[in-house]
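data.cif (mmCIF, C-alpha atoms)
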```cif
data_target
#
loop_
_atom_site.label_atom_id
_atom_site.label_comp_id
_atom_site.auth_asym_id
_atom_site.auth_seq_id
_atom_site.Cartn_x
_atom_site.Cartn_y
_atom_site.Cartn_z
CA MET A 1 4.49 -3.72 -4.20
CA LYS A 2 2.98 -7.08 -5.04
CA ARG A 3 -0.42 -7.13 -3.45
CA LYS A 4 -3.98 -8.42 -3.82
CA ILE A 5 -5.72 -5.04 -3.69
CA ALA A 6 -7.34 -5.17 -7.09
CA VAL A 7 -8.10 -8.88 -6.91
CA ALA A 8 -9.87 -8.23 -3.64
CA ALA A 9 -11.52 -5.18 -5.19
CA ALA A 10 -13.05 -7.36 -7.87
CA LEU A 11 -14.28 -9.79 -5.23
CA ALA A 12 -15.70 -6.95 -3.15
CA ALA A 13 -17.43 -5.53 -6.18
CA THR A 14 -19.20 -8.85 -6.67
CA LEU A 15 -20.04 -9.32 -3.01
CA PHE A 16 -21.44 -5.85 -2.51
CA GLY A 17 -22.96 -5.34 -5.96
CA ALA A 18 -20.56 -2.59 -6.88
CA ALA A 19 -19.56 -3.30 -10.47
CA ALA A 20 -17.37 -1.02 -12.52
CA CYS A 21 -18.95 -0.68 -15.67
CA GLY A 22 7.40 15.58 -18.63
CA GLY A 23 9.77 16.56 -21.26
CA THR A 24 8.82 17.24 -24.83
CA ASP A 25 10.17 15.33 -27.82
CA SER A 26 10.53 17.04 -31.17
CA ASP A 27 8.68 14.29 -33.04
CA GLU A 28 5.44 14.83 -31.12
CA GLY A 29 2.58 16.71 -32.69
CA ALA A 30 1.64 20.32 -32.04
CA THR A 31 -0.67 21.29 -29.19
CA SER A 32 -4.21 22.18 -30.24
CA ALA A 33 -6.23 25.15 -29.07
CA THR A 34 -7.92 22.89 -26.51
CA GLY A 35 -4.56 21.97 -24.94
CA ALA A 36 -4.47 18.43 -26.35
CA VAL A 37 -1.43 17.21 -28.25
CA ASP A 38 -2.12 16.31 -31.89
CA GLY A 39 -1.43 12.61 -31.95
CA LYS A 40 -3.01 11.61 -35.26
CA GLY A 41 -1.21 8.63 -36.74
CA LYS A 42 0.52 7.80 -33.47
CA THR A 43 0.01 4.91 -31.05
CA ILE A 44 1.21 4.80 -27.47
CA LYS A 45 1.92 1.54 -25.65
CA VAL A 46 0.63 1.24 -22.09
CA TRP A 47 1.61 -1.44 -19.61
CA LEU A 48 -0.96 -2.00 -16.88
CA MET A 49 -1.07 -4.81 -14.38
CA VAL A 50 -3.63 -7.52 -15.01
CA ASP A 51 -5.72 -6.29 -12.07
CA ALA A 52 -7.00 -3.45 -14.28
CA GLU A 53 -8.20 -5.94 -16.88
CA THR A 54 -10.07 -8.10 -14.39
CA ALA A 55 -11.46 -5.44 -12.05
CA TRP A 56 -11.97 -2.20 -14.01
CA LYS A 57 -11.35 -2.72 -17.70
CA GLY A 58 -14.26 -0.39 -18.42
CA VAL A 59 -12.39 2.47 -16.75
CA VAL A 60 -9.36 1.80 -18.96
CA GLU A 61 -11.52 1.77 -22.09
CA ASP A 62 -13.40 4.93 -21.16
CA ALA A 63 -10.21 6.90 -20.47
CA THR A 64 -8.71 5.66 -23.72
CA THR A 65 -11.81 6.63 -25.70
CA ARG A 66 -11.73 10.15 -24.28
CA PHE A 67 -7.99 10.43 -24.89
CA THR A 68 -8.32 9.31 -28.52
CA ALA A 69 -11.19 11.73 -29.13
CA ALA A 70 -9.06 14.60 -27.84
CA THR A 71 -5.71 13.73 -29.46
CA GLY A 72 -6.41 11.39 -32.38
CA ALA A 73 -3.81 8.98 -31.01
CA GLN A 74 -4.45 5.28 -30.51
CA VAL A 75 -3.59 3.25 -27.40
CA ASN A 76 -2.27 -0.30 -27.18
CA VAL A 77 -2.83 -1.55 -23.64
CA GLU A 78 -0.81 -4.61 -22.65
CA TYR A 79 -1.70 -6.27 -19.33
CA GLN A 80 1.20 -7.58 -17.27
CA GLN A 81 1.51 -10.24 -14.57
CA TRP A 82 2.91 -9.39 -11.13
CA ALA A 83 5.08 -12.50 -11.08
CA ASN A 84 7.51 -11.34 -13.77
CA HIS A 85 6.77 -7.68 -14.51
CA LEU A 86 9.99 -6.22 -13.07
CA THR A 87 12.22 -8.71 -14.87
CA LYS A 88 10.35 -7.99 -18.10
CA LEU A 89 10.54 -4.24 -17.54
CA ASP A 90 14.30 -4.29 -16.85
CA ALA A 91 14.93 -6.24 -20.04
CA THR A 92 12.67 -3.96 -22.07
CA LEU A 93 14.13 -0.70 -20.74
CA ALA A 94 17.59 -1.92 -21.74
CA GLY A 95 16.45 -1.90 -25.37
CA SER A 96 14.80 0.67 -27.62
CA ASP A 97 11.27 -0.69 -28.03
CA VAL A 98 9.88 0.46 -24.70
CA PRO A 99 6.34 0.98 -23.40
CA ASP A 100 5.36 4.63 -23.14
CA VAL A 101 3.36 4.32 -19.91
CA VAL A 102 4.11 1.83 -17.13
CA GLU A 103 2.28 0.92 -13.93
CA LEU A 104 4.38 -0.13 -10.95
CA GLY A 105 3.61 -0.75 -7.31
CA ASN A 106 4.29 2.30 -5.16
CA THR A 107 7.26 0.70 -3.39
CA GLU A 108 8.71 -0.43 -6.72
CA PHE A 109 8.90 3.02 -8.27
CA SER A 110 11.77 4.53 -6.28
CA LYS A 111 14.43 2.34 -7.91
CA TYR A 112 13.43 3.47 -11.39
CA VAL A 113 13.14 7.12 -10.40
CA PHE A 114 16.69 7.07 -9.05
CA ASN A 115 18.14 5.24 -12.06
CA GLY A 116 16.54 7.61 -14.57
CA GLY A 117 14.03 5.17 -16.02
CA PHE A 118 11.12 7.60 -15.98
CA ALA A 119 10.65 11.09 -17.38
CA GLU A 120 9.86 14.19 -15.35
CA LEU A 121 6.19 15.20 -15.34
CA ASN A 122 4.46 18.51 -14.71
CA LYS A 123 2.62 17.78 -11.49
CA GLY A 124 0.15 20.62 -12.00
CA ASP A 125 -1.18 19.02 -15.19
CA PHE A 126 -2.90 16.24 -13.24
CA GLU A 127 -6.23 16.52 -11.47
CA ASN A 128 -6.15 16.57 -7.65
CA SER A 129 -2.34 16.64 -7.65
CA ASP A 130 -2.38 18.94 -4.62
CA THR A 131 -4.22 16.26 -2.62
CA TRP A 132 -2.53 13.07 -3.83
CA LEU A 133 -2.25 10.33 -1.22
CA SER A 134 1.16 10.81 0.37
CA GLY A 135 1.54 7.06 0.74
CA LEU A 136 1.57 6.84 -3.06
CA SER A 137 3.12 10.16 -4.11
CA GLY A 138 6.12 9.72 -1.82
CA ALA A 139 7.68 7.39 -4.40
CA CYS A 140 7.17 9.93 -7.18
CA GLU A 141 9.02 12.91 -5.76
CA LEU A 142 12.76 13.47 -5.96
CA ASP A 143 14.60 16.75 -5.42
CA GLY A 144 11.43 18.75 -5.97
CA LYS A 145 10.56 17.03 -9.24
CA THR A 146 7.73 14.60 -10.05
CA TYR A 147 8.26 11.35 -11.96
CA CYS A 148 5.00 9.45 -11.54
CA VAL A 149 1.30 9.89 -10.83
CA PRO A 150 -0.64 8.07 -8.09
CA TYR A 151 -3.17 5.64 -9.56
CA TYR A 152 -5.05 3.68 -6.87
CA ALA A 153 -4.52 2.42 -3.34
CA GLY A 154 -5.45 -0.03 -0.63
CA ALA A 155 -5.14 0.77 3.08
CA ARG A 156 -4.56 -1.12 6.29
CA VAL A 157 -7.47 -1.30 8.72
CA LEU A 158 -8.47 -2.84 12.04
CA ILE A 159 -10.21 -6.17 11.35
CA TYR A 160 -12.16 -7.57 14.26
CA ARG A 161 -14.52 -10.33 15.42
CA LYS A 162 -18.07 -8.95 15.65
CA ASP A 163 -19.26 -11.88 17.74
CA LEU A 164 -16.47 -11.53 20.29
CA PHE A 165 -17.02 -7.78 20.51
CA GLU A 166 -20.68 -8.38 21.30
CA LYS A 167 -19.90 -11.09 23.82
CA ALA A 168 -17.41 -8.78 25.57
CA GLY A 169 -19.92 -5.94 25.69
CA ILE A 170 -18.09 -3.79 23.15
CA ALA A 171 -20.83 -1.84 21.39
CA GLU A 172 -18.90 -0.47 18.40
CA ALA A 173 -15.55 -0.31 16.69
CA PRO A 174 -12.94 1.81 18.53
CA LYS A 175 -13.05 5.51 17.70
CA THR A 176 -9.90 6.49 19.63
CA TYR A 177 -6.69 4.72 20.58
CA ALA A 178 -7.93 4.62 24.17
CA ASP A 179 -11.08 2.86 22.93
CA PHE A 180 -8.86 0.37 21.10
CA LEU A 181 -6.94 -0.46 24.28
CA THR A 182 -10.18 -0.79 26.24
CA ALA A 183 -11.56 -3.19 23.63
CA ALA A 184 -8.33 -5.22 23.74
CA ASP A 185 -8.55 -5.46 27.53
CA LYS A 186 -12.15 -6.69 27.39
CA LEU A 187 -11.36 -9.26 24.70
CA GLN A 188 -8.36 -10.50 26.66
CA THR A 189 -10.38 -10.89 29.83
CA GLY A 190 -13.34 -12.53 28.11
CA ASN A 191 -11.17 -15.14 26.40
CA ALA A 192 -8.67 -15.85 29.18
CA LYS A 193 -9.41 -19.58 29.09
CA ASP A 194 -7.93 -19.84 25.57
CA SER A 195 -4.16 -19.94 26.09
CA LYS A 196 -3.59 -19.20 22.40
CA PHE A 197 -5.93 -16.22 22.27
CA SER A 198 -4.61 -12.85 21.05
CA ALA A 199 -6.81 -9.83 21.70
CA LEU A 200 -4.61 -8.22 19.02
CA TYR A 201 -2.83 -10.65 16.71
CA MET A 202 0.40 -8.84 15.76
CA PRO A 203 3.49 -10.67 14.42
CA GLY A 204 6.71 -9.33 15.87
CA GLN A 205 8.40 -8.42 12.58
CA TYR A 206 5.43 -6.50 11.16
CA TRP A 207 7.46 -3.37 10.57
CA TYR A 208 4.79 -1.60 8.50
CA ALA A 209 2.60 -1.67 11.60
CA ALA A 210 5.35 -0.72 14.04
CA MET A 211 6.37 2.26 11.92
CA SER A 212 2.73 3.33 11.65
CA TRP A 213 2.72 3.59 15.46
CA VAL A 214 5.99 5.57 15.21
CA LYS A 215 4.37 7.94 12.74
CA SER A 216 1.35 8.33 15.01
CA SER A 217 3.59 9.93 17.64
CA GLY A 218 5.24 12.29 15.17
CA GLY A 219 8.30 10.12 14.67
CA GLU A 220 10.22 9.32 11.50
CA ILE A 221 12.38 6.48 10.22
CA ALA A 222 15.02 8.70 8.62
CA LYS A 223 15.29 12.13 7.06
CA LYS A 224 17.72 13.83 4.72
CA ASP A 225 20.02 16.47 6.18
CA GLY A 226 21.90 18.12 3.34
CA ASP A 227 23.48 15.30 1.35
CA LYS A 228 23.24 12.77 4.17
CA TRP A 229 20.46 10.58 5.49
CA VAL A 230 20.06 10.52 9.26
CA GLY A 231 18.15 7.80 11.13
CA GLN A 232 15.41 9.19 13.35
CA LEU A 233 14.24 6.20 15.36
CA SER A 234 16.16 7.40 18.43
CA SER A 235 14.20 10.64 18.57
CA PRO A 236 11.82 11.01 21.55
CA GLN A 237 8.78 10.98 19.24
CA SER A 238 9.87 7.81 17.44
CA GLN A 239 10.69 6.03 20.69
CA GLU A 240 7.31 7.02 22.12
CA GLY A 241 5.48 5.49 19.17
CA LEU A 242 7.68 2.41 19.16
CA GLN A 243 7.11 1.88 22.88
CA LYS A 244 3.32 2.12 22.39
CA TRP A 245 3.51 -0.60 19.74
CA VAL A 246 5.79 -2.81 21.83
CA ASP A 247 3.51 -2.46 24.85
CA ALA A 248 0.45 -3.47 22.80
CA VAL A 249 2.20 -6.47 21.25
CA LYS A 250 3.59 -7.74 24.55
CA LYS A 251 0.26 -7.40 26.36
CA TYR A 252 -2.22 -8.56 23.74
CA SER A 253 -0.51 -10.73 21.11
CA LYS A 254 0.51 -14.38 21.10
CA ALA A 255 1.86 -14.15 17.55
CA ASP A 256 5.39 -15.31 16.81
CA VAL A 257 7.78 -12.39 17.40
CA THR A 258 10.16 -13.77 14.75
CA LYS A 259 7.54 -13.82 11.97
CA ASN A 260 6.19 -11.15 9.63
CA GLU A 261 2.57 -10.47 8.71
CA ASN A 262 2.41 -12.53 5.50
CA GLU A 263 0.41 -15.37 7.05
CA GLN A 264 -1.55 -13.43 9.67
CA ALA A 265 -4.96 -13.63 7.95
CA GLY A 266 -4.75 -17.39 7.62
CA ILE A 267 -3.69 -17.83 11.23
CA PHE A 268 -6.40 -15.45 12.47
CA ALA A 269 -8.91 -17.58 10.53
CA GLN A 270 -8.24 -20.42 12.98
CA GLY A 271 -10.31 -18.56 15.57
CA SER A 272 -7.98 -17.58 18.43
CA GLY A 273 -7.92 -13.84 17.85
CA GLY A 274 -10.08 -10.82 18.50
CA MET A 275 -8.49 -8.19 16.24
CA PHE A 276 -5.69 -7.84 13.73
CA TYR A 277 -4.25 -4.97 11.73
CA GLY A 278 -4.10 -5.73 8.03
CA ASN A 279 -4.82 -4.73 4.48
CA ALA A 280 -8.55 -4.42 3.90
CA TRP A 281 -8.48 -7.39 1.52
CA GLU A 282 -7.15 -9.62 4.32
CA GLN A 283 -10.65 -9.75 5.78
CA GLY A 284 -11.71 -11.74 2.74
CA VAL A 285 -8.65 -13.97 3.01
CA ALA A 286 -9.45 -14.77 6.63
CA GLU A 287 -13.07 -15.59 5.80
CA GLU A 288 -12.60 -17.59 2.61
CA VAL A 289 -13.21 -21.32 2.59
CA ARG A 290 -10.08 -23.47 2.77
CA LYS A 291 -8.72 -26.89 3.57
CA ASP A 292 -7.81 -27.96 7.05
CA PRO A 293 -4.18 -26.77 7.38
CA ASN A 294 -3.34 -30.04 9.14
CA ASP A 295 -4.98 -32.24 6.52
CA PRO A 296 -4.16 -31.55 2.84
CA ASN A 297 -6.82 -34.06 1.76
CA SER A 298 -9.64 -32.39 3.67
CA PRO A 299 -12.57 -30.81 1.80
CA LEU A 300 -12.93 -27.03 1.52
CA VAL A 301 -14.77 -25.76 4.57
CA PRO A 302 -15.65 -22.32 5.97
CA THR A 303 -13.08 -20.89 8.36
CA LYS A 304 -13.96 -20.38 12.02
CA VAL A 305 -14.40 -16.65 11.38
CA LYS A 306 -16.58 -16.88 8.27
CA GLY A 307 -19.23 -14.14 8.45
CA LYS A 308 -17.95 -12.94 11.83
CA LEU A 309 -15.54 -10.18 10.75
CA ALA A 310 -15.87 -6.45 10.27
CA ALA A 311 -13.38 -3.68 9.54
CA ALA A 312 -12.87 -0.15 10.80
CA PRO A 313 -10.17 2.50 10.56
CA MET A 314 -7.39 1.93 13.07
CA PRO A 315 -7.90 5.00 15.28
CA GLU A 316 -5.10 7.58 15.39
CA ILE A 317 -2.70 5.35 13.43
CA PRO A 318 -1.66 6.49 9.90
CA SER A 319 -1.70 3.75 7.28
CA PHE A 320 1.08 2.46 5.11
CA LEU A 321 -0.62 2.14 1.74
CA GLY A 322 -0.29 -0.50 -0.91
CA GLY A 323 -1.07 0.69 -4.40
CA SER A 324 0.20 1.63 -7.83
CA ASN A 325 1.59 4.63 -9.67
CA LEU A 326 1.94 5.44 -13.37
CA GLY A 327 4.95 6.90 -15.15
CA VAL A 328 6.19 7.82 -18.62
CA THR A 329 9.40 6.04 -19.56
CA GLN A 330 12.41 8.20 -20.26
CA LYS A 331 12.93 6.44 -23.61
CA SER A 332 9.36 7.09 -24.77
CA ALA A 333 9.16 8.92 -28.09
CA ASN A 334 5.69 10.18 -27.15
CA LYS A 335 6.13 11.74 -23.75
CA GLU A 336 3.48 14.45 -24.00
CA LEU A 337 0.87 12.11 -25.43
CA SER A 338 1.67 9.54 -22.77
CA ALA A 339 1.30 12.10 -19.99
CA GLN A 340 -2.06 13.09 -21.44
CA TRP A 341 -3.29 9.49 -21.36
CA ILE A 342 -2.31 9.30 -17.69
CA LYS A 343 -4.19 12.56 -17.15
CA TYR A 344 -7.42 11.00 -18.44
CA PHE A 345 -6.84 7.72 -16.62
CA THR A 346 -6.37 9.46 -13.26
CA ASP A 347 -8.99 12.22 -13.53
CA ALA A 348 -12.17 12.43 -11.43
CA LYS A 349 -14.22 10.41 -13.93
CA SER A 350 -11.76 7.54 -13.87
CA MET A 351 -11.49 7.73 -10.08
CA ASP A 352 -15.28 7.33 -9.86
CA GLY A 353 -14.94 4.13 -11.86
CA LEU A 354 -12.25 2.82 -9.51
CA ILE A 355 -14.41 3.61 -6.50
CA LYS A 356 -17.27 1.61 -8.00
CA ALA A 357 -14.81 -1.27 -8.46
CA SER A 358 -13.85 -1.07 -4.76
CA ALA A 359 -10.39 0.46 -5.18
CA LEU A 360 -9.35 3.61 -3.37
CA PRO A 361 -8.90 6.79 -5.44
CA ASN A 362 -5.57 8.62 -5.56
CA SER A 363 -6.62 11.77 -3.66
CA THR A 364 -7.54 12.57 -0.07
CA ALA A 365 -10.19 14.92 -1.50
CA LEU A 366 -12.05 11.91 -2.91
CA LEU A 367 -11.94 9.60 0.10
CA ASP A 368 -15.15 10.82 1.75
CA LYS A 369 -16.94 10.37 -1.57
CA ALA A 370 -15.47 6.89 -1.88
CA ALA A 371 -16.70 5.96 1.60
CA THR A 372 -20.19 7.26 0.82
CA ASP A 373 -20.52 5.87 -2.70
CA ASN A 374 -19.16 2.42 -1.85
CA PRO A 375 -19.65 1.41 1.81
CA ALA A 376 -17.63 -1.75 1.16
CA ILE A 377 -14.44 0.32 1.09
CA ALA A 378 -15.42 2.93 3.70
CA PRO A 379 -13.04 1.67 6.45
CA ALA A 380 -10.08 1.64 4.06
CA ALA A 381 -11.03 5.01 2.57
CA LEU A 382 -11.14 6.63 6.00
CA SER A 383 -7.85 4.97 6.98
CA ALA A 384 -6.12 6.28 3.86
CA LYS A 385 -6.70 9.91 4.86
CA ALA A 386 -3.47 9.73 6.88
CA SER A 387 -0.77 7.73 5.14
CA TRP A 388 3.00 7.55 4.93
CA PHE A 389 5.84 6.24 2.79
CA PRO A 390 9.32 4.95 3.72
CA PRO A 391 12.31 7.25 3.21
CA ASN A 392 12.59 7.89 -0.52
CA ALA A 393 16.29 7.10 -0.50
CA GLU A 394 18.20 5.40 -3.29
CA LYS A 395 19.36 2.60 -1.01
CA TRP A 396 16.22 2.14 1.09
CA ALA A 397 15.61 -1.21 -0.59
CA ASP A 398 18.93 -2.35 0.89
CA VAL A 399 17.67 -1.49 4.39
CA GLU A 400 14.61 -3.65 3.77
CA LYS A 401 16.71 -6.44 2.27
CA ALA A 402 18.92 -6.47 5.36
CA SER A 403 15.84 -6.75 7.63
CA VAL A 404 17.11 -3.92 9.82
CA LEU A 405 13.72 -2.94 11.21
CA GLN A 406 12.55 -6.53 11.58
CA THR A 407 15.68 -7.44 13.55
CA MET A 408 15.28 -4.41 15.80
CA LEU A 409 11.65 -5.28 16.56
CA THR A 410 12.41 -8.89 17.43
CA ASP A 411 15.36 -7.84 19.61
CA VAL A 412 13.15 -5.44 21.54
CA LEU A 413 10.23 -7.85 21.93
CA THR A 414 12.48 -10.65 23.17
CA GLY A 415 14.25 -8.38 25.64
CA LYS A 416 17.59 -8.57 23.87
CA LYS A 417 17.56 -4.79 23.54
CA SER A 418 15.61 -1.96 25.14
CA VAL A 419 13.57 0.31 22.90
CA ALA A 420 16.28 2.97 23.18
CA ASP A 421 19.12 0.57 22.40
CA GLY A 422 17.19 -1.06 19.56
CA ALA A 423 16.39 2.31 18.01
CA LYS A 424 20.02 3.44 18.32
CA TRP A 425 21.25 0.25 16.65
CA ALA A 426 18.71 0.59 13.82
CA ASP A 427 19.69 4.23 13.25
CA GLU A 428 23.34 3.20 12.94
CA GLN A 429 22.46 0.51 10.37
CA ILE A 430 20.20 2.89 8.43
CA ASN A 431 22.87 5.62 8.37
CA ALA A 432 25.55 3.23 7.15
CA THR A 433 23.33 1.75 4.44
CA LEU A 434 21.67 4.88 3.09
CA ASN A 435 24.91 6.88 2.97
CA GLU A 436 27.07 4.14 1.52
CA ALA A 437 29.03 5.43 -1.47
#
```

Step by step, read the file and then write its structure as structure tokens.
Amino acid sequence: MKRKIAVAAALAATLFGAAACGGTDSDEGATSATGAVDGKGKTIKVWLMVDAETAWKGVVEDATTRFTAATGAQVNVEYQQWANHLTKLDATLAGSDVPDVVELGNTEFSKYVFNGGFAELNKGDFENSDTWLSGLSGACELDGKTYCVPYYAGARVLIYRKDLFEKAGIAEAPKTYADFLTAADKLQTGNAKDSKFSALYMPGQYWYAAMSWVKSSGGEIAKKDGDKWVGQLSSPQSQEGLQKWVDAVKKYSKADVTKNENEQAGIFAQGSGGMFYGNAWEQGVAEEVRKDPNDPNSPLVPTKVKGKLAAAPMPEIPSFLGGSNLGVTQKSANKELSAQWIKYFTDAKSMDGLIKASALPNSTALLDKAATDNPAIAPAALSAKASWFPPNAEKWADVEKASVLQTMLTDVLTGKKSVADGAKWADEQINATLNEA
């Protein structure tokens, strides 16, 4: 997934003073008594996204130093740009000179797992593998096998106006979903004179949010039954969660029901909103200085919400995570060595470095520590404790491309379909797409 998690992490580190300082190939070396592969004379090539270079290069260097000391192997880290990394990876994997280790966004990994681009890994070799964030690890698992390792994450949170909370007599961030609804009611009442005001700014095609509400009620998007995928949005649990989301959007939001969430932070920055549900880094986007959207020649000025925002976990709503995973390419000639480098780069020491750099660690067992050690990421860390991932189906990307969920949500919000009819239609589309031969 293309995202600004690490860019925002670097900004947060500055703002809050938190700076970061498989199969076996026959040509690999023998394993030493300490369990490390003898890699003397070998060099592995690692592709990381540029975020690691700008936000936590020291973590990369420390893991590499420890890996080299243990194995004798050298590491050539090449930093990639999000804009063209998949095109470059596809072209490279088609040849023979491939990187050994590759970072991809969590939602990008499934395609390469299904097409055999990455080698199987021994999950038990990696620290905290029994508590990996499910929102990251979901992309790594296929038929009981593991093909990648969670690296770091960013979570969605409730971002709200502190000044409007105080004015409405709301003493603290909501702790329960009932508290959230009460806060929304007070904000709505207190700002009734503003016809554009949204107590909760929620675009109608924000399917990550809608499905988070579905998950909160125990619902699912789809599940595998034998060799077939079966849509689950018509289940009572899924409909309950979907109805809760629809009710909140209809009552509290003035956002366009035909739009997604891509521009929500910028629109919220214009000042007619009390709360929105977004990635933690979107708080910074909403508060950053910018030009008047109606005047391209205007000077940079603070937004109407500058210094007025705070974040908290969205109560009782599991988060869809953004983030990255790491895998060993199937064509790598150094699979064991490559897996060992990932082991160092995702161990507790490296996770501590990521926490200092304001990124979330890859394990639920480390989230409390992250919240304590770096208060800047506490809301996101607490939100990430409950996370989810879309159906890990080979053709799920086709469901997204066809905007099935987005269409369903708009149809329901505009009254074109009831929740039950919309869910039934979406299940039919999901079944047809995921099971297409």

Problem set entry | Option closest in space to Ala380 (chain A), from A:Ala426, A:Ala199, A:Leu158, A:Leu337 [counting only C-alpha atoms] | A:Leu158

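Listed by chain and then by number, the residues chosen by the PyMOL selection byres ((chain A and resi 331) around 10) in this file are Leu93, Ala94, Gly95, Ser96, Asp97, Val98, Pro99, Asp100, Gly116, Gly117, Phe118, Ala119, Val328, Thr329, Gln330, Ser332, Ala333, Asn334 and Lys335 of chain A.
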
Exercise. Which neighbours of Lys349 (chain A) fall inside 12 Å, counting all atoms listed in the file, when residues of the same chain fewer than 5 positions from it are skipped, and could you give them as a PyMOL selection string?
Worked result: chain A and resi 20+58-60+62-63+66+127-128+343-344+354-356+361+366

What lies within 12 Å of Thr410 (chain A) using all atoms listed in the file, ignoring chain neighbours under 6 positions off, as a short mmCIF file (atom, residue, chain, number, x, y, z; two decimals) with C-alpha atoms, in the coordinates of the input?
```cif
data_model
loop_
_atom_site.label_atom_id
_atom_site.label_comp_id
_atom_site.auth_asym_id
_atom_site.auth_seq_id
_atom_site.Cartn_x
_atom_site.Cartn_y
_atom_site.Cartn_z
CA PRO A 203 3.49 -10.67 14.42
CA GLY A 204 6.71 -9.33 15.87
CA GLN A 205 8.40 -8.42 12.58
CA TYR A 206 5.43 -6.50 11.16
CA TRP A 207 7.46 -3.37 10.57
CA ALA A 210 5.35 -0.72 14.04
CA VAL A 246 5.79 -2.81 21.83
CA VAL A 249 2.20 -6.47 21.25
CA LYS A 250 3.59 -7.74 24.55
CA ALA A 255 1.86 -14.15 17.55
CA ASP A 256 5.39 -15.31 16.81
CA VAL A 257 7.78 -12.39 17.40
CA THR A 258 10.16 -13.77 14.75
CA LYS A 259 7.54 -13.82 11.97
CA ASN A 260 6.19 -11.15 9.63
CA SER A 403 15.84 -6.75 7.63
CA VAL A 404 17.11 -3.92 9.82
CA LYS A 416 17.59 -8.57 23.87
CA LYS A 417 17.56 -4.79 23.54
CA SER A 418 15.61 -1.96 25.14
CA VAL A 419 13.57 0.31 22.90
CA GLY A 422 17.19 -1.06 19.56
CA ALA A 423 16.39 2.31 18.01
CA ALA A 426 18.71 0.59 13.82
#
```

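Nearest residue to Trp281 (chain A), choosing from A:Gln406, A:Gln429, A:Thr54, A:Ser358 and counting all atoms listed in the file: A:Ser358.
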
For this session: Tell me which residues the PyMOL selection byres ((chain A and resi 188) around 10) grabs here, as a ChimeraX atom specification.
Result: /A:168,182-187,189-194,197-200,251-253,273-274

Can you write out the residues you just picked, keeping C-alpha atoms, as an mmCIF file, keeping the file's coordinate frame?
```cif
data_model
loop_
_atom_site.group_PDB
_atom_site.id
_atom_site.type_symbol
_atom_site.label_atom_id
_atom_site.label_comp_id
_atom_site.auth_asym_id
_atom_site.auth_seq_id
_atom_site.Cartn_x
_atom_site.Cartn_y
_atom_site.Cartn_z
ATOM 1 C CA ALA A 168 -17.410 -8.780 25.570
ATOM 2 C CA THR A 182 -10.180 -0.790 26.240
ATOM 3 C CA ALA A 183 -11.560 -3.190 23.630
ATOM 4 C CA ALA A 184 -8.330 -5.220 23.740
ATOM 5 C CA ASP A 185 -8.550 -5.460 27.530
ATOM 6 C CA LYS A 186 -12.150 -6.690 27.390
ATOM 7 C CA LEU A 187 -11.360 -9.260 24.700
ATOM 8 C CA THR A 189 -10.380 -10.890 29.830
ATOM 9 C CA GLY A 190 -13.340 -12.530 28.110
ATOM 10 C CA ASN A 191 -11.170 -15.140 26.400
ATOM 11 C CA ALA A 192 -8.670 -15.850 29.180
ATOM 12 C CA LYS A 193 -9.410 -19.580 29.090
ATOM 13 C CA ASP A 194 -7.930 -19.840 25.570
ATOM 14 C CA PHE A 197 -5.930 -16.220 22.270
ATOM 15 C CA SER A 198 -4.610 -12.850 21.050
ATOM 16 C CA ALA A 199 -6.810 -9.830 21.700
ATOM 17 C CA LEU A 200 -4.610 -8.220 19.020
ATOM 18 C CA LYS A 251 0.260 -7.400 26.360
ATOM 19 C CA TYR A 252 -2.220 -8.560 23.740
ATOM 20 C CA SER A 253 -0.510 -10.730 21.110
ATOM 21 C CA GLY A 273 -7.920 -13.840 17.850
ATOM 22 C CA GLY A 274 -10.080 -10.820 18.500
#
```

Exercise. What is the CA of Lys123 (chain A)-CA of Ser387 (chain A) distance in Å, reported with one decimal?
Worked result: 19.7 Å

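Here the PyMOL selection byres ((chain A and resi 126) around 10) catches exactly these residues: Leu121, Asn122, Lys123, Gly124, Asp125, Glu127, Asn128, Ser129, Asp130, Trp132, Val149, Pro150, Ala339, Gln340, Ile342, Lys343, Tyr344, Phe345, Thr346 and Asp347 of chain A.
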
Go ahead and save the residues from that selection, with C-alpha atoms, as a PDB file, in the frame of the given file.
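The result, written out as again01.pdb:
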```pdb
ATOM      1  CA  LEU A 121       6.190  15.200 -15.340  1.00  0.00           C
ATOM      2  CA  ASN A 122       4.460  18.510 -14.710  1.00  0.00           C
ATOM      3  CA  LYS A 123       2.620  17.780 -11.490  1.00  0.00           C
ATOM      4  CA  GLY A 124       0.150  20.620 -12.000  1.00  0.00           C
ATOM      5  CA  ASP A 125      -1.180  19.020 -15.190  1.00  0.00           C
ATOM      6  CA  GLU A 127      -6.230  16.520 -11.470  1.00  0.00           C
ATOM      7  CA  ASN A 128      -6.150  16.570  -7.650  1.00  0.00           C
ATOM      8  CA  SER A 129      -2.340  16.640  -7.650  1.00  0.00           C
ATOM      9  CA  ASP A 130      -2.380  18.940  -4.620  1.00  0.00           C
ATOM     10  CA  TRP A 132      -2.530  13.070  -3.830  1.00  0.00           C
ATOM     11  CA  VAL A 149       1.300   9.890 -10.830  1.00  0.00           C
ATOM     12  CA  PRO A 150      -0.640   8.070  -8.090  1.00  0.00           C
ATOM     13  CA  ALA A 339       1.300  12.100 -19.990  1.00  0.00           C
ATOM     14  CA  GLN A 340      -2.060  13.090 -21.440  1.00  0.00           C
ATOM     15  CA  ILE A 342      -2.310   9.300 -17.690  1.00  0.00           C
ATOM     16  CA  LYS A 343      -4.190  12.560 -17.150  1.00  0.00           C
ATOM     17  CA  TYR A 344      -7.420  11.000 -18.440  1.00  0.00           C
ATOM     18  CA  PHE A 345      -6.840   7.720 -16.620  1.00  0.00           C
ATOM     19  CA  THR A 346      -6.370   9.460 -13.260  1.00  0.00           C
ATOM     20  CA  ASP A 347      -8.990  12.220 -13.530  1.00  0.00           C
TER      21      ASP A 347
END
```
